[in-house]
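S.K.: I have a structure here, written as structure tokens, and I will follow up with some questions on it.
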Amino acid sequence: MRKLSDKGIIIGVDVGGTKIQAGAIDPVGKVLFDPVTIETGGNDESEKIFARITDSIDKIIMNPVLKPADIIGIGMGVTGPLDTASGTILECPQLPTMHFYPLKAKIYEKFRIPVFMDNDANALLLGESIWGAGKDHRTTLGFTLGTGLGCAIVINKKLFTGVNGMAGEIWPSPYKDGTIEDIVSGNGISSTYFRLSNKLKTAREISQLAIRGDSDAIETWNIFGGALAFSMAWGINMVDPGIVILGGSIANSIDLFYDSMNNALRKFICPVPADKTKVVKAALGDGAGFIGAAALVIQ
């Protein structure tokens, strides 16, 4: 890992289909002050989304706690798929107006600070592996549950990204009559609930409905948990991780899908991992995305 001076400060930026969050991190993963959070507006024009990203970074840089000269890098976790070598967003379903957008180059052009970029799932898991729930494990497997579905692998505290940088891009993988992301995502939760109830609600609203005892909402979360277990079982059986970490906004509803997920999962993973492998929520909280993005700078 890159060694930083005691004054080296990193800006981490988490860019998802729903929200953008930016914050300042010190070399040991401490968040220096409250992050900036704004809506992405994922269907808006690309330059409007870019302006929101740069505005969030500007607000962090201008915080009186920081000296701009102390900032040694900007880490960006961005919903994928990406060409990580060039820092270009590819055909990303969550950001349809930013296909083939050279985000990394444009951020560097704007701020003239070194930029490190990877997909949001990779960034989140790296941060959790260094500073969070996976810090005591050499090998970790992570799933980012948000507007879409992300997956990442860390081996010996380093991201495993594959030959083309696409390791963990499981979202288009087949599941029943569609893809796994059709069910395991914020959009998937809304679609499942609509199919059961003929009512259009957000994942957050469906979470509240389930807490209040709505039978269709409860069934929606059971379906979600079972489908998530399906993808997790493949990952655990292939990677044999020390721990599995769930992050993203949907992970905040873990109590609603944990039992259905866990019951299905234990049926489909090898006996030893079934006894030993724990599935936990990301320990870095709502800031896990931008903290993980900052970790890209020291990776």
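Residues are referred to by chain and number: the chain letter is A, B, ... according to the order shown in the structure tokens, the number counts from 1 in that chain, and ligands are numbered separately from 1 in the order shown.
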Neighbouring residues of A:Lys201 were defined as those with any atom within 9 Å, considering only C-alpha atoms; residues of the same chain fewer than 4 positions away were excluded. Please report them as a PDB file with C-alpha atoms, in the first residue's frame.
M.R.:
ATOM      1  CA  ILE A 189     -37.781  -4.693  -4.885  1.00  0.00           C
ATOM      2  CA  SER A 190     -40.150  -2.126  -6.376  1.00  0.00           C
ATOM      3  CA  SER A 191     -40.906  -4.415  -9.330  1.00  0.00           C
ATOM      4  CA  TYR A 193     -43.908  -5.465  -4.863  1.00  0.00           C
ATOM      5  CA  PHE A 194     -45.766  -4.078  -7.868  1.00  0.00           C
ATOM      6  CA  GLU A 205     -41.485   2.606   1.376  1.00  0.00           C
ATOM      7  CA  ILE A 206     -41.719  -1.174   1.019  1.00  0.00           C
TER       8      ILE A 206
END
S.K.: Please report, as CSV, each residue of stretch 22-117 of chain A lying at most 10 Å from stretch 124-143 of chain A, together with the nearest pair of atoms and the separation in Å rounded to one decimal; use only C-alpha atoms, and order rows by chain and ascending residue number.
M.R.:
residue,atom,partner,partner_atom,distance
A:Val28,CA,A:Trp131,CA,7.7
A:Gly29,CA,A:Trp131,CA,6.4
A:Lys30,CA,A:Trp131,CA,9.1
A:Gly77,CA,A:Leu124,CA,7.6
S.K.: Print the selection's residues with C-alpha atoms to a file, as an mmCIF file, in the first residue's frame.
M.R.:
data_model
loop_
_atom_site.group_PDB
_atom_site.id
_atom_site.type_symbol
_atom_site.label_atom_id
_atom_site.label_comp_id
_atom_site.auth_asym_id
_atom_site.auth_seq_id
_atom_site.Cartn_x
_atom_site.Cartn_y
_atom_site.Cartn_z
ATOM 1 C CA VAL A 28 -6.252 5.652 9.033
ATOM 2 C CA GLY A 29 -9.786 5.869 7.691
ATOM 3 C CA LYS A 30 -11.166 8.513 10.046
ATOM 4 C CA GLY A 77 -16.397 4.543 -6.335
#
S.K.: Tell me, as a ChimeraX atom specification, which residues lie within 8 Å of stretch 216-233 of chain A, counting only C-alpha atoms; anything in the same chain fewer than 2 positions away does not count.
M.R.: /A:180,183-184,189,192-193,196-197,206-207,209-210,213-214,235-237,256-262,264-265,268-269
S.K.: Could you save those same residues with C-alpha atoms as a compact mmCIF listing (two decimals), in the first residue's frame?
M.R.:
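Everything below was put into result_35.txt:
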# COMPACT_ATOMS: atom_id res chain seq x y z
CA ILE A 180 -30.28 -11.51 -10.85
CA ILE A 183 -34.79 -9.09 -8.22
CA VAL A 184 -31.74 -8.16 -6.10
CA ILE A 189 -37.78 -4.69 -4.89
CA THR A 192 -41.58 -7.43 -7.11
CA TYR A 193 -43.91 -5.46 -4.86
CA LEU A 196 -47.69 -8.73 -5.90
CA SER A 197 -49.79 -5.69 -5.01
CA ILE A 206 -41.72 -1.17 1.02
CA SER A 207 -39.40 -1.52 4.00
CA LEU A 209 -44.76 -1.33 4.88
CA ALA A 210 -43.11 -4.63 5.86
CA GLY A 213 -47.06 -5.94 8.67
CA ASP A 214 -48.04 -5.54 5.00
CA GLY A 235 -19.68 -16.57 -4.69
CA ILE A 236 -18.98 -18.34 -1.39
CA ASN A 237 -18.50 -21.72 -3.05
CA LEU A 256 -36.39 -7.86 6.81
CA PHE A 257 -34.57 -10.30 4.51
CA TYR A 258 -31.91 -11.93 6.72
CA ASP A 259 -33.90 -15.05 7.66
CA SER A 260 -35.01 -15.86 4.10
CA MET A 261 -31.48 -15.18 2.85
CA ASN A 262 -29.76 -17.21 5.55
CA ALA A 264 -31.64 -20.50 1.61
CA LEU A 265 -27.92 -19.82 1.77
CA PHE A 268 -26.59 -24.28 -1.03
CA ILE A 269 -23.05 -23.68 0.26
S.K.: So what do you get for atom CA of A:Lys59 versus atom CA of A:Val115, distance-wise?
M.R.: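 Separating atom CA of A:Lys59 from atom CA of A:Val115 is a distance of 17.1 Å.
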S.K.: So that I can see what lies close to A:Val65, please list as number ranges by chain the residues with an atom at most 12 Å from it, counting only C-alpha atoms and leaving out residues fewer than 4 positions away in the same chain.
M.R.: A: 9, 23-26, 31-34, 59-61, 70-71
S.K.: Can you pull out every residue within 7 Å of stretch 11-13 of chain A, counting only C-alpha atoms, but drop anything in the same chain fewer than 4 positions away, and send it as a PyMOL selection string?
M.R.: chain A and resi 21-25+73-77+290-291+293-294
S.K.: For the selection just defined, write its residues with C-alpha atoms to a file, as a tab-separated table (two decimals), in the first residue's frame.
M.R.:
chain	number	residue	atom	x	y	z
A	21	GLN	CA	-21.75	11.27	-1.31
A	22	ALA	CA	-18.34	12.86	-0.75
A	23	GLY	CA	-16.19	13.14	2.36
A	24	ALA	CA	-12.66	13.70	3.65
A	25	ILE	CA	-10.67	10.81	5.17
A	73	GLY	CA	-5.85	12.16	-3.98
A	74	ILE	CA	-9.49	11.75	-4.93
A	75	GLY	CA	-10.89	8.22	-4.75
A	76	MET	CA	-14.08	7.53	-6.66
A	77	GLY	CA	-16.40	4.54	-6.33
A	290	PHE	CA	-17.11	7.15	0.14
A	291	ILE	CA	-14.75	5.76	2.80
A	293	ALA	CA	-13.57	5.13	-2.42
A	294	ALA	CA	-10.89	6.88	-0.37
S.K.: At a cut-off of 12 Å, using only C-alpha atoms, what residues contact A:Lys110? Leave out same-chain residues fewer than 5 positions from it and give the result as a PyMOL selection string.
M.R.: chain A and resi 50-51+53-55+57-58+74+103-105+115
S.K.: Please produce an output containing C-alpha atoms for each residue in the selection, written as a compact mmCIF listing (two decimals), in the first residue's frame.
M.R.:
# COMPACT_ATOMS: atom_id res chain seq x y z
CA PHE A 50 -21.02 15.77 -13.60
CA ALA A 51 -21.72 19.21 -12.13
CA ILE A 53 -20.23 15.39 -8.59
CA THR A 54 -17.82 18.33 -8.86
CA ASP A 55 -20.00 20.50 -6.60
CA ILE A 57 -16.04 17.67 -4.19
CA ASP A 58 -15.80 21.47 -4.15
CA ILE A 74 -9.49 11.75 -4.93
CA LEU A 103 -15.27 10.67 -15.71
CA LYS A 104 -11.79 10.14 -14.26
CA ALA A 105 -10.12 12.36 -16.87
CA VAL A 115 -7.79 10.53 -9.24
S.K.: Rounded to one decimal, what separation in Å do you get between atom CA of A:Pro114 and atom CA of A:Gly162?
M.R.: 23.6 Å
S.K.: Could you give me the residues within stretch 76-291 of chain A that DSSP places in strand (DSSP E), as a PyMOL selection string?
M.R.: chain A and resi 76-78+82-83+88-89+115-119+139-145+149-155+158-159+174-175+178-179+243-247+278-281
S.K.: For the helix (DSSP H, G or I) assignment from backbone DSSP, which residues of stretch 111-272 of chain A qualify? Please present them as number ranges by chain.
M.R.: A: 111, 120-131, 180-182, 186-197, 203-211, 215-239, 249-268, 271-272
S.K.: Report the distance between atom CA of A:Thr40 and atom CA of A:Lys19 in Å, rounded to one decimal place.
M.R.: 4.6 Å
S.K.: Point out the residue among A:Asn198, A:Asn122, A:Ser173, A:Ser253 with the least atom-to-atom distance to A:Ala288, counting only C-alpha atoms.
M.R.: A:Asn122
S.K.: I'd like the neighbourhood of A:Met166 as a CSV table (one decimal) with N, CA and C atoms, in the first residue's frame, where a residue qualifies if any of its atoms comes within 10 Å (using only C-alpha atoms), though same-chain residues fewer than 6 positions away should be ignored.
M.R.:
chain,number,residue,atom,x,y,z
A,80,GLY,N,-21.1,0.7,-11.8
A,80,GLY,CA,-20.5,0.2,-13.1
A,80,GLY,C,-21.6,-0.3,-14.0
A,81,PRO,N,-21.0,-1.0,-15.1
A,81,PRO,CA,-19.6,-1.3,-15.3
A,81,PRO,C,-18.8,-0.1,-15.8
A,82,LEU,N,-17.5,-0.3,-15.6
A,82,LEU,CA,-16.5,0.8,-15.9
A,82,LEU,C,-15.3,0.2,-16.7
A,83,ASP,N,-14.7,1.0,-17.4
A,83,ASP,CA,-13.3,0.7,-17.9
A,83,ASP,C,-12.4,1.4,-16.9
A,84,THR,N,-11.9,0.6,-15.9
A,84,THR,CA,-11.2,1.2,-14.8
A,84,THR,C,-9.8,1.7,-15.3
A,119,ASN,N,-15.3,0.6,-9.5
A,119,ASN,CA,-16.7,0.5,-9.3
A,119,ASN,C,-17.1,0.6,-7.8
A,152,ALA,N,-17.9,-7.8,-5.1
A,152,ALA,CA,-16.5,-7.5,-5.1
A,152,ALA,C,-15.8,-8.6,-4.3
A,160,PHE,N,-9.4,-8.1,-6.2
A,160,PHE,CA,-9.3,-9.0,-7.3
A,160,PHE,C,-10.2,-8.5,-8.4
S.K.: Pick from A:Leu149, A:Met98, A:Ile250, A:Leu90: nearest to A:Ser46, with only C-alpha atoms counted?
M.R.: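 The closest residue to A:Ser46 is A:Met98.
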